[in-house]
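Structure data (CSV, C-alpha atoms) from start-v1.csv:
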chain,number,residue,atom,x,y,z
A,1,MET,CA,-5.6,37.6,21.2
A,2,CYS,CA,-8.0,35.7,19.0
A,3,PRO,CA,-10.6,33.6,20.8
A,4,THR,CA,-10.3,30.6,18.5
A,5,ARG,CA,-11.9,28.0,20.7
A,6,THR,CA,-14.0,26.3,18.1
A,7,LEU,CA,-14.1,26.7,14.4
A,8,PRO,CA,-16.4,26.0,11.5
A,9,VAL,CA,-15.7,22.9,9.5
A,10,ALA,CA,-13.8,24.3,6.5
A,11,ASP,CA,-10.8,23.6,4.3
A,12,ARG,CA,-11.6,20.2,2.8
A,13,SER,CA,-8.4,20.1,0.8
A,14,PRO,CA,-5.3,22.3,0.6
A,15,LEU,CA,-6.9,24.2,-2.3
A,16,THR,CA,-10.6,24.4,-1.4
A,17,GLN,CA,-12.4,23.3,1.7
A,18,GLU,CA,-12.3,20.8,4.5
A,19,PRO,CA,-15.3,18.4,4.8
A,20,ARG,CA,-18.6,19.7,6.4
A,21,SER,CA,-19.6,18.3,9.8
A,22,HIS,CA,-22.9,17.0,8.4
A,23,MET,CA,-21.2,14.3,6.3
A,24,ALA,CA,-22.0,10.6,7.1
A,25,ARG,CA,-20.3,9.4,10.2
A,26,THR,CA,-19.6,5.9,9.0
A,27,TRP,CA,-16.0,4.9,9.8
A,28,LEU,CA,-14.2,2.8,7.2
A,29,GLN,CA,-12.0,0.2,8.9
A,30,THR,CA,-8.7,1.7,7.9
A,31,ASP,CA,-7.2,2.7,11.3
A,32,ARG,CA,-3.7,1.9,10.1
A,33,LEU,CA,-1.7,1.9,6.9
A,34,ARG,CA,-0.5,-1.7,7.1
A,35,PRO,CA,2.4,-2.9,5.0
A,36,ASP,CA,-0.1,-4.1,2.4
A,37,ALA,CA,-1.7,-0.6,2.2
A,38,LEU,CA,-0.7,-0.1,-1.4
A,39,THR,CA,-2.8,-3.2,-2.4
A,40,ARG,CA,-5.9,-2.1,-0.5
A,41,PHE,CA,-6.7,1.3,-2.0
A,42,PRO,CA,-8.1,1.5,-5.6
A,43,ARG,CA,-6.4,4.8,-6.2
A,44,MET,CA,-3.1,3.3,-5.3
A,45,GLN,CA,-3.7,0.4,-7.6
A,46,ALA,CA,-4.5,2.8,-10.4
A,47,GLY,CA,-1.4,4.8,-9.6
A,48,ARG,CA,0.8,1.7,-9.9
A,49,ALA,CA,-0.8,0.8,-13.2
A,50,LYS,CA,-0.2,4.3,-14.5
A,51,HIS,CA,3.4,4.3,-13.5
A,52,ARG,CA,3.9,0.6,-14.3
A,53,VAL,CA,5.1,-0.1,-10.7
A,54,ALA,CA,4.6,-3.7,-9.5
A,55,HIS,CA,4.0,-4.0,-5.8
A,56,HIS,CA,5.6,-7.1,-4.1
A,57,GLY,CA,4.3,-7.1,-0.5
A,58,ASP,CA,6.5,-5.1,1.8
A,59,SER,CA,9.8,-5.8,0.1
A,60,GLY,CA,10.1,-2.5,-1.7
A,61,TYR,CA,11.2,-4.5,-4.8
A,62,TYR,CA,10.0,-3.3,-8.2
A,63,PRO,CA,11.5,-5.6,-10.8
A,64,GLU,CA,10.3,-3.7,-13.9
A,65,VAL,CA,12.5,-0.8,-12.9
A,66,PHE,CA,15.6,-2.9,-13.6
A,67,THR,CA,14.3,-4.6,-16.8
A,68,PRO,CA,16.7,-3.7,-19.7
A,69,ARG,CA,14.8,-1.8,-22.5
A,70,ARG,CA,16.2,-0.8,-25.9
A,71,ARG,CA,15.1,1.7,-28.5
A,72,LEU,CA,14.8,0.9,-32.1
A,73,GLY,CA,18.4,0.5,-33.4
A,74,GLY,CA,19.7,-1.2,-30.4
A,75,GLU,CA,20.4,1.8,-28.2
A,76,ALA,CA,19.7,1.3,-24.5
A,77,ALA,CA,16.8,3.3,-23.2
A,78,PRO,CA,17.4,5.2,-20.0
A,79,VAL,CA,16.2,3.2,-17.0
A,80,ARG,CA,14.3,5.0,-14.3
A,81,SER,CA,15.9,4.5,-10.8
A,82,TRP,CA,14.1,2.7,-8.0
A,83,ARG,CA,14.2,5.9,-6.1
A,84,HIS,CA,12.1,7.6,-8.8
A,85,GLU,CA,9.6,4.8,-8.7
A,86,ALA,CA,9.5,4.9,-4.9
A,87,ARG,CA,8.8,8.6,-4.9
A,88,LEU,CA,5.8,8.0,-7.2
A,89,VAL,CA,4.5,5.4,-4.8
A,90,ALA,CA,5.1,7.7,-1.8
A,91,ALA,CA,3.2,10.5,-3.4
A,92,GLY,CA,0.2,8.2,-3.9
A,93,ALA,CA,0.4,7.0,-0.3
A,94,VAL,CA,0.4,10.7,1.0
A,95,GLU,CA,-2.7,11.3,-1.2
A,96,GLU,CA,-4.4,8.3,0.3
A,97,ILE,CA,-3.6,9.4,3.9
A,98,ILE,CA,-5.0,12.8,3.2
A,99,GLU,CA,-8.2,11.3,1.8
A,100,GLN,CA,-8.7,9.2,4.9
A,101,ALA,CA,-7.9,12.1,7.2
A,102,ASP,CA,-10.4,14.4,5.4
A,103,TYR,CA,-13.1,11.7,5.6
A,104,LEU,CA,-12.5,11.3,9.4
A,105,TYR,CA,-12.5,15.0,9.9
A,106,GLY,CA,-15.8,15.4,8.1
A,107,SER,CA,-17.2,12.5,10.1
A,108,GLY,CA,-16.2,14.1,13.4
A,109,GLU,CA,-14.0,11.2,14.3
A,110,THR,CA,-11.4,13.3,16.2
A,111,LYS,CA,-9.6,10.6,18.1
A,112,LYS,CA,-9.4,8.2,15.2
A,113,LEU,CA,-8.1,11.1,13.0
A,114,TYR,CA,-5.4,11.9,15.6
A,115,GLN,CA,-4.4,8.2,15.8
A,116,LEU,CA,-4.1,8.0,12.0
A,117,LEU,CA,-2.1,11.2,11.6
A,118,THR,CA,0.3,10.7,14.5
A,119,GLN,CA,1.6,7.6,12.7
A,120,HIS,CA,3.0,10.1,10.2
A,121,LYS,CA,4.2,12.8,12.5
A,122,ASN,CA,7.7,12.6,11.0
A,123,SER,CA,6.3,13.3,7.5
A,124,GLU,CA,7.9,16.0,5.4
A,125,ASP,CA,4.6,16.8,3.7
A,126,ALA,CA,3.0,20.0,4.8
A,127,GLU,CA,-0.5,18.8,3.9
A,128,ILE,CA,-0.2,16.0,6.4
A,129,LEU,CA,1.4,18.2,9.1
A,130,TRP,CA,-1.2,21.0,9.1
A,131,ARG,CA,-3.9,18.4,9.4
A,132,LEU,CA,-2.0,16.9,12.3
A,133,ALA,CA,-1.8,20.3,13.9
A,134,ARG,CA,-5.6,20.7,13.5
A,135,ALA,CA,-6.3,17.2,14.8
A,136,SER,CA,-4.1,17.8,17.9
A,137,ARG,CA,-5.9,21.1,18.6
A,138,ASP,CA,-9.4,19.5,18.1
A,139,LEU,CA,-8.5,16.7,20.5
A,140,ALA,CA,-7.4,19.3,23.0
A,141,GLN,CA,-10.8,20.9,22.8
A,142,LEU,CA,-12.7,17.8,23.7
A,143,THR,CA,-14.4,17.9,27.1
A,144,SER,CA,-13.0,14.4,27.8
A,145,THR,CA,-9.4,15.7,27.5
A,146,SER,CA,-7.7,16.5,30.9
A,147,ALA,CA,-6.2,19.9,31.5
A,148,GLU,CA,-2.7,18.4,31.4
A,149,GLU,CA,-3.3,16.6,28.2
A,150,LYS,CA,-4.9,19.7,26.7
A,151,LYS,CA,-1.8,21.8,27.4
A,152,GLN,CA,0.4,19.1,25.9
A,153,LEU,CA,-1.7,18.8,22.7
A,154,VAL,CA,-1.8,22.6,22.3
A,155,TYR,CA,2.0,22.9,22.3
A,156,GLU,CA,2.2,19.8,20.1
A,157,ALA,CA,-0.2,21.3,17.6
A,158,LEU,CA,2.0,24.4,17.3
A,159,GLU,CA,5.1,22.3,16.6
A,160,TYR,CA,3.4,20.5,13.8
A,161,ALA,CA,2.1,23.8,12.4
A,162,LYS,CA,5.6,25.3,12.5
A,163,LYS,CA,7.0,22.3,10.7
A,164,ALA,CA,4.3,22.6,8.1
A,165,LEU,CA,5.1,26.2,7.5
A,166,GLU,CA,8.8,25.4,7.1
A,167,LYS,CA,7.8,22.8,4.4
A,168,ASN,CA,5.3,25.0,2.5
A,169,GLU,CA,4.8,28.7,2.9
A,170,SER,CA,2.4,28.8,-0.1
A,171,SER,CA,-0.5,26.9,1.6
A,172,PHE,CA,-3.3,29.0,3.0
A,173,ALA,CA,-4.3,26.3,5.4
A,174,VAL,CA,-0.8,26.2,6.9
A,175,HIS,CA,-0.8,29.9,7.6
A,176,LYS,CA,-4.3,29.7,9.1
A,177,TRP,CA,-3.6,26.9,11.4
A,178,TYR,CA,-0.2,28.3,12.4
A,179,ALA,CA,-2.0,31.5,13.5
A,180,ILE,CA,-4.7,29.6,15.4
A,181,CYS,CA,-2.1,27.5,17.2
A,182,ILE,CA,0.0,30.5,18.2
A,183,SER,CA,-3.2,32.0,19.7
A,184,ASP,CA,-3.9,28.9,21.6
A,185,VAL,CA,-0.5,28.7,23.2
A,186,GLY,CA,-0.9,32.3,24.3
A,187,ASP,CA,-3.5,31.1,26.8
A,188,TYR,CA,-0.7,29.4,28.7
A,189,GLU,CA,1.9,32.1,28.5
A,190,GLY,CA,0.1,35.2,29.9
A,191,ILE,CA,-1.4,38.4,28.5
A,192,LYS,CA,1.9,39.9,27.5
A,193,THR,CA,2.8,37.0,25.3
A,194,LYS,CA,-0.7,37.0,23.8
A,195,ILE,CA,-0.5,40.6,22.9
A,196,ALA,CA,3.1,40.3,21.6
A,197,ASN,CA,1.9,37.5,19.3
A,198,ALA,CA,-1.0,39.6,18.0
A,199,TYR,CA,0.9,41.0,15.0
A,200,VAL,CA,2.2,37.5,14.0
A,201,ILE,CA,-1.3,36.1,14.2
A,202,LYS,CA,-2.7,38.9,12.1
A,203,GLU,CA,0.0,38.5,9.5
A,204,HIS,CA,-0.7,34.8,9.0
A,205,PHE,CA,-4.5,35.2,8.9
A,206,GLN,CA,-4.0,37.9,6.2
A,207,LYS,CA,-1.6,35.7,4.3
A,208,ALA,CA,-4.1,32.9,4.4
A,209,ILE,CA,-6.8,35.2,2.9
A,210,GLU,CA,-4.3,36.4,0.3
A,211,LEU,CA,-3.6,32.9,-0.8
A,212,ASN,CA,-7.2,31.8,-0.8
A,213,PRO,CA,-9.7,34.7,-0.8
A,214,LYS,CA,-12.6,32.2,-0.9
A,215,ASP,CA,-11.8,30.7,2.5
A,216,ALA,CA,-14.6,32.0,4.7
A,217,THR,CA,-13.0,30.7,7.9
A,218,SER,CA,-9.8,32.7,7.5
A,219,ILE,CA,-11.9,35.8,6.9
A,220,HIS,CA,-14.0,35.1,9.9
A,221,LEU,CA,-10.9,34.6,12.1
A,222,MET,CA,-9.5,37.9,10.9
A,223,GLY,CA,-12.9,39.5,12.0
A,224,ILE,CA,-12.5,37.9,15.4
A,225,TRP,CA,-9.0,39.4,15.6
A,226,CYS,CA,-10.4,42.9,14.9
A,227,TYR,CA,-13.3,42.4,17.3
A,228,SER,CA,-11.0,41.3,20.1
A,229,PHE,CA,-8.9,44.4,19.9
A,230,ALA,CA,-11.8,46.7,19.4
A,231,GLU,CA,-13.2,45.6,22.8
A,232,MET,CA,-9.8,45.2,24.5
A,233,PRO,CA,-10.0,46.2,28.2
A,234,TRP,CA,-8.1,49.3,29.3
A,235,TYR,CA,-5.5,47.4,31.3
A,236,GLN,CA,-4.6,45.2,28.3
A,237,SER,CA,-4.4,48.4,26.2
A,238,LYS,CA,-1.8,49.7,28.7
A,239,ILE,CA,0.2,46.5,28.4
A,240,ALA,CA,0.1,46.7,24.6
A,241,ALA,CA,1.3,50.3,24.7
A,242,MET,CA,4.3,49.2,26.8
A,243,LEU,CA,5.2,46.4,24.4
A,244,PHE,CA,4.7,48.3,21.1
A,245,ALA,CA,5.4,51.8,19.9
A,246,ALA,CA,2.2,51.3,17.8
A,247,PRO,CA,0.2,48.7,19.7
A,248,PRO,CA,-2.3,46.5,17.8
A,249,SER,CA,-5.7,48.0,17.5
A,250,SER,CA,-8.9,47.8,15.5
A,251,THR,CA,-12.5,48.9,15.3
A,252,TYR,CA,-15.9,47.3,15.3
A,253,GLU,CA,-16.4,48.7,11.8
A,254,GLU,CA,-13.4,46.7,10.6
A,255,ALA,CA,-14.5,43.6,12.3
A,256,LEU,CA,-18.0,44.0,10.8
A,257,SER,CA,-16.4,44.2,7.3
A,258,TYR,CA,-14.7,40.9,7.7
A,259,PHE,CA,-17.8,39.1,9.1
A,260,HIS,CA,-19.8,40.4,6.1
A,261,LYS,CA,-17.1,39.4,3.7
A,262,ALA,CA,-17.1,35.8,5.2
A,263,GLU,CA,-20.9,35.7,4.6
A,264,GLU,CA,-20.5,36.8,1.0
A,265,VAL,CA,-17.9,34.1,0.3
A,266,ASP,CA,-19.9,31.3,2.0
A,267,PRO,CA,-23.4,32.3,3.2
A,268,ASN,CA,-24.5,30.7,6.5
A,269,PHE,CA,-21.3,28.7,6.7
A,270,TYR,CA,-21.0,29.2,10.5
A,271,SER,CA,-23.5,30.0,13.2
A,272,LYS,CA,-20.9,32.0,15.2
A,273,ASN,CA,-20.3,34.3,12.2
A,274,LEU,CA,-24.0,35.2,12.3
A,275,LEU,CA,-23.8,35.8,16.0
A,276,LEU,CA,-20.8,38.1,15.8
A,277,LEU,CA,-22.5,40.1,13.1
A,278,GLY,CA,-25.4,40.7,15.5
A,279,LYS,CA,-23.1,41.4,18.4
A,280,THR,CA,-21.0,43.8,16.4
A,281,TYR,CA,-24.1,45.7,15.3
A,282,LEU,CA,-25.1,46.0,19.0
A,283,LYS,CA,-21.7,47.5,19.7
A,284,LEU,CA,-22.3,50.0,17.0
A,285,ASN,CA,-25.8,50.8,18.4
A,286,ASN,CA,-27.5,49.6,15.3
A,287,ARG,CA,-30.5,47.8,16.8
A,288,LYS,CA,-32.3,47.1,13.6
A,289,MET,CA,-29.4,45.2,12.0
A,290,ALA,CA,-28.6,43.5,15.3
A,291,LEU,CA,-32.1,42.1,15.5
A,292,LEU,CA,-31.8,40.8,11.9
A,293,TRP,CA,-28.6,38.9,12.4
A,294,LEU,CA,-29.4,37.6,15.9
A,295,THR,CA,-32.7,36.3,14.6
A,296,LYS,CA,-30.9,34.5,11.8
A,297,THR,CA,-28.6,33.0,14.5
A,298,ARG,CA,-31.4,31.8,16.7
A,299,ASP,CA,-33.1,30.2,13.7
A,300,TYR,CA,-29.9,28.6,12.4
A,301,PRO,CA,-30.2,24.7,12.1
A,302,ALA,CA,-28.1,23.3,15.0
A,303,HIS,CA,-25.8,20.6,13.9
A,304,THR,CA,-23.3,20.7,16.7
A,305,GLU,CA,-23.1,21.4,20.4
A,306,GLU,CA,-21.5,24.8,19.6
A,307,ASP,CA,-24.5,25.7,17.3
A,308,LYS,CA,-26.8,25.1,20.3
A,309,GLN,CA,-24.8,27.3,22.6
A,310,VAL,CA,-24.7,30.0,19.9
A,311,GLN,CA,-28.4,29.8,19.5
A,312,LYS,CA,-28.9,30.1,23.2
A,313,GLU,CA,-26.7,33.2,23.4
A,314,ALA,CA,-28.6,34.8,20.4
A,315,ALA,CA,-31.9,34.1,22.1
A,316,GLU,CA,-30.7,35.8,25.3
A,317,LEU,CA,-29.5,38.8,23.5
A,318,LEU,CA,-32.8,39.1,21.6
A,319,ASN,CA,-34.7,39.0,24.9
A,320,SER,CA,-32.5,41.7,26.3
A,321,ILE,CA,-32.9,44.2,23.4
Could you take the file, read its structure, and then write that structure out as structure tokens?
Amino acid sequence: MCPTRTLPVADRSPLTQEPRSHMARTWLQTDRLRPDALTRFPRMQAGRAKHRVAHHGDSGYYPEVFTPRRRLGGEAAPVRSWRHEARLVAAGAVEEIIEQADYLYGSGETKKLYQLLTQHKNSEDAEILWRLARASRDLAQLTSTSAEEKKQLVYEALEYAKKALEKNESSFAVHKWYAICISDVGDYEGIKTKIANAYVIKEHFQKAIELNPKDATSIHLMGIWCYSFAEMPWYQSKIAAMLFAAPPSSTYEEALSYFHKAEEVDPNFYSKNLLLLGKTYLKLNNRKMALLWLTKTRDYPAHTEEDKQVQKEAAELLNSI
């Protein structure tokens, strides 16, 4: 039920936040991780030095692993296996992929980000997988994406999010993007499916907030969930009553509390949160507070096309009050 068409730029890393949209848009020429990738990134070089792993092109051969070593007294020291060393290198490679992905996301390079991450679609790492789900969804939202491609990408995003959840249930970003992707798929499966998925969506947004109470985006999305059910049309309410003994419901007051909480966590993080504060106050017939938040929305610095659309809607609402 959640109208999660566009989202603020948030979640820079699995623990804090994604990059902001106003970051520099310069693209580093690293479209692919070539076989010599380990020699090209300073962090990887530092990692090899730390773990004493010698890189030899693409052979995967690390001779120091097999060098006999002895303790004082002649006793043979345990030799680390090549598998252990390979895991250390793989961990560094994942970190480098994530660093590149976050840079591209912050730079607004949606297509390049998708191209980078789809090279690793068989990854077992949840941090790569949820970013791939997000990239698939973002690509689906582009106006240049055809209707057929959009549908394919929406379902693809859900599959990546599912896999990420299987790999790591302790990541707030995984829960958040899983909920968003379920909501998107509902657009293609009818109102009954959307309503039936409502509790699942709510559960994962709440889990995301529990895991990271400082993520304003998750809190905002929970507010949208509440707002959507508070204004649910009567015919949808009837469908919900048929599907559930206790159908999902909410109030404008509950939605308002989430929108305010999001602002407390990260003031002015998203123009749409400001707009929804104003619209919710209008629903509650609080004209004074509606004017306050709608004015803030209208005066919000527009960095994206969405910001401009939000400003326009705020200005129209202000003129109608």
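Put simply, CA of Ile195 in chain A is 8.7 Å away from CA of Pro247 in chain A.
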Point to revise | Residues within 7 Å of Tyr160 in chain A, only C-alpha atoms, excluding chain neighbours under 4 positions, as number ranges by chain | key: A: 129-130, 132-133, 156, 164
ask   = Which residues come within 7 Å of Ala208 in chain A, counting only C-alpha atoms, excluding same-chain residues fewer than 3 positions away, as a ChimeraX atom specification?
value = /A:172-173,175-176,204-205,211-212,218
Would you save the residues from that selection as a short mmCIF file (atom, residue, chain, number, x, y, z; two decimals), in the frame of the given file, using C-alpha atoms?
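See selection_26.cif below for the written result:
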data_model
loop_
_atom_site.label_atom_id
_atom_site.label_comp_id
_atom_site.auth_asym_id
_atom_site.auth_seq_id
_atom_site.Cartn_x
_atom_site.Cartn_y
_atom_site.Cartn_z
CA PHE A 172 -3.30 29.00 3.00
CA ALA A 173 -4.30 26.30 5.40
CA HIS A 175 -0.80 29.90 7.60
CA LYS A 176 -4.30 29.70 9.10
CA HIS A 204 -0.70 34.80 9.00
CA PHE A 205 -4.50 35.20 8.90
CA LEU A 211 -3.60 32.90 -0.80
CA ASN A 212 -7.20 31.80 -0.80
CA SER A 218 -9.80 32.70 7.50
#
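In this structure, CA of Ile219 in chain A sits 20.8 Å away from CA of Gly106 in chain A.
For the pair CA of Gly190 in chain A and CA of Gln236 in chain A, the separation is 11.2 Å.
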Neighbouring residues of Glu263 in chain A were defined as those with any atom within 12 Å, considering all atoms listed in the file; residues of the same chain fewer than 3 positions away were excluded. Please report them as a tab-separated table (two decimals) with C-alpha atoms, in the coordinates of the input.
chain	number	residue	atom	x	y	z
A	214	LYS	CA	-12.60	32.20	-0.90
A	215	ASP	CA	-11.80	30.70	2.50
A	216	ALA	CA	-14.60	32.00	4.70
A	217	THR	CA	-13.00	30.70	7.90
A	218	SER	CA	-9.80	32.70	7.50
A	219	ILE	CA	-11.90	35.80	6.90
A	220	HIS	CA	-14.00	35.10	9.90
A	223	GLY	CA	-12.90	39.50	12.00
A	256	LEU	CA	-18.00	44.00	10.80
A	257	SER	CA	-16.40	44.20	7.30
A	258	TYR	CA	-14.70	40.90	7.70
A	259	PHE	CA	-17.80	39.10	9.10
A	260	HIS	CA	-19.80	40.40	6.10
A	266	ASP	CA	-19.90	31.30	2.00
A	267	PRO	CA	-23.40	32.30	3.20
A	268	ASN	CA	-24.50	30.70	6.50
A	269	PHE	CA	-21.30	28.70	6.70
A	270	TYR	CA	-21.00	29.20	10.50
A	271	SER	CA	-23.50	30.00	13.20
A	272	LYS	CA	-20.90	32.00	15.20
A	273	ASN	CA	-20.30	34.30	12.20
A	274	LEU	CA	-24.00	35.20	12.30
A	275	LEU	CA	-23.80	35.80	16.00
A	276	LEU	CA	-20.80	38.10	15.80
A	277	LEU	CA	-22.50	40.10	13.10
A	293	TRP	CA	-28.60	38.90	12.40
Trp225 in chain A surroundings by only C-alpha atoms, 12 Å radius, close-in-sequence under 3 positions cut, as a PDB file with C-alpha atoms, in the frame of the given file:
ATOM      1  CA  MET A   1      -5.600  37.600  21.200  1.00  0.00           C
ATOM      2  CA  CYS A   2      -8.000  35.700  19.000  1.00  0.00           C
ATOM      3  CA  PRO A   3     -10.600  33.600  20.800  1.00  0.00           C
ATOM      4  CA  THR A   4     -10.300  30.600  18.500  1.00  0.00           C
ATOM      5  CA  ALA A 179      -2.000  31.500  13.500  1.00  0.00           C
ATOM      6  CA  ILE A 180      -4.700  29.600  15.400  1.00  0.00           C
ATOM      7  CA  SER A 183      -3.200  32.000  19.700  1.00  0.00           C
ATOM      8  CA  LYS A 194      -0.700  37.000  23.800  1.00  0.00           C
ATOM      9  CA  ILE A 195      -0.500  40.600  22.900  1.00  0.00           C
ATOM     10  CA  ASN A 197       1.900  37.500  19.300  1.00  0.00           C
ATOM     11  CA  ALA A 198      -1.000  39.600  18.000  1.00  0.00           C
ATOM     12  CA  TYR A 199       0.900  41.000  15.000  1.00  0.00           C
ATOM     13  CA  VAL A 200       2.200  37.500  14.000  1.00  0.00           C
ATOM     14  CA  ILE A 201      -1.300  36.100  14.200  1.00  0.00           C
ATOM     15  CA  LYS A 202      -2.700  38.900  12.100  1.00  0.00           C
ATOM     16  CA  GLU A 203       0.000  38.500   9.500  1.00  0.00           C
ATOM     17  CA  HIS A 204      -0.700  34.800   9.000  1.00  0.00           C
ATOM     18  CA  PHE A 205      -4.500  35.200   8.900  1.00  0.00           C
ATOM     19  CA  GLN A 206      -4.000  37.900   6.200  1.00  0.00           C
ATOM     20  CA  SER A 218      -9.800  32.700   7.500  1.00  0.00           C
ATOM     21  CA  ILE A 219     -11.900  35.800   6.900  1.00  0.00           C
ATOM     22  CA  HIS A 220     -14.000  35.100   9.900  1.00  0.00           C
ATOM     23  CA  LEU A 221     -10.900  34.600  12.100  1.00  0.00           C
ATOM     24  CA  MET A 222      -9.500  37.900  10.900  1.00  0.00           C
ATOM     25  CA  SER A 228     -11.000  41.300  20.100  1.00  0.00           C
ATOM     26  CA  PHE A 229      -8.900  44.400  19.900  1.00  0.00           C
ATOM     27  CA  ALA A 230     -11.800  46.700  19.400  1.00  0.00           C
ATOM     28  CA  GLU A 231     -13.200  45.600  22.800  1.00  0.00           C
ATOM     29  CA  MET A 232      -9.800  45.200  24.500  1.00  0.00           C
ATOM     30  CA  PRO A 248      -2.300  46.500  17.800  1.00  0.00           C
ATOM     31  CA  SER A 249      -5.700  48.000  17.500  1.00  0.00           C
ATOM     32  CA  SER A 250      -8.900  47.800  15.500  1.00  0.00           C
ATOM     33  CA  THR A 251     -12.500  48.900  15.300  1.00  0.00           C
ATOM     34  CA  TYR A 252     -15.900  47.300  15.300  1.00  0.00           C
ATOM     35  CA  GLU A 254     -13.400  46.700  10.600  1.00  0.00           C
ATOM     36  CA  ALA A 255     -14.500  43.600  12.300  1.00  0.00           C
ATOM     37  CA  LEU A 256     -18.000  44.000  10.800  1.00  0.00           C
ATOM     38  CA  TYR A 258     -14.700  40.900   7.700  1.00  0.00           C
ATOM     39  CA  PHE A 259     -17.800  39.100   9.100  1.00  0.00           C
ATOM     40  CA  LEU A 276     -20.800  38.100  15.800  1.00  0.00           C
TER      41      LEU A 276
END
Fill in: 6 Å contact set for range 113-116 of chain A, all atoms listed in the file, chain neighbours under 6 positions out, as a list in words
Ala101, Leu104 and Ala135 of chain A
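Residues near the point (-27.6, 42.1, 25.8), at a distance of 12 Å or less over only C-alpha atoms, make up Gly278, Lys279, Thr280, Tyr281, Leu282, Lys283, Asn285, Arg287, Ala290, Leu291, Leu294, Glu313, Ala314, Ala315, Glu316, Leu317, Leu318, Asn319, Ser320 and Ile321 of chain A.
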Gly108 in chain A proximity check over A:Val310, A:Ala262, A:Leu153, A:Leu139, using only C-alpha atoms: winner is A:Leu139
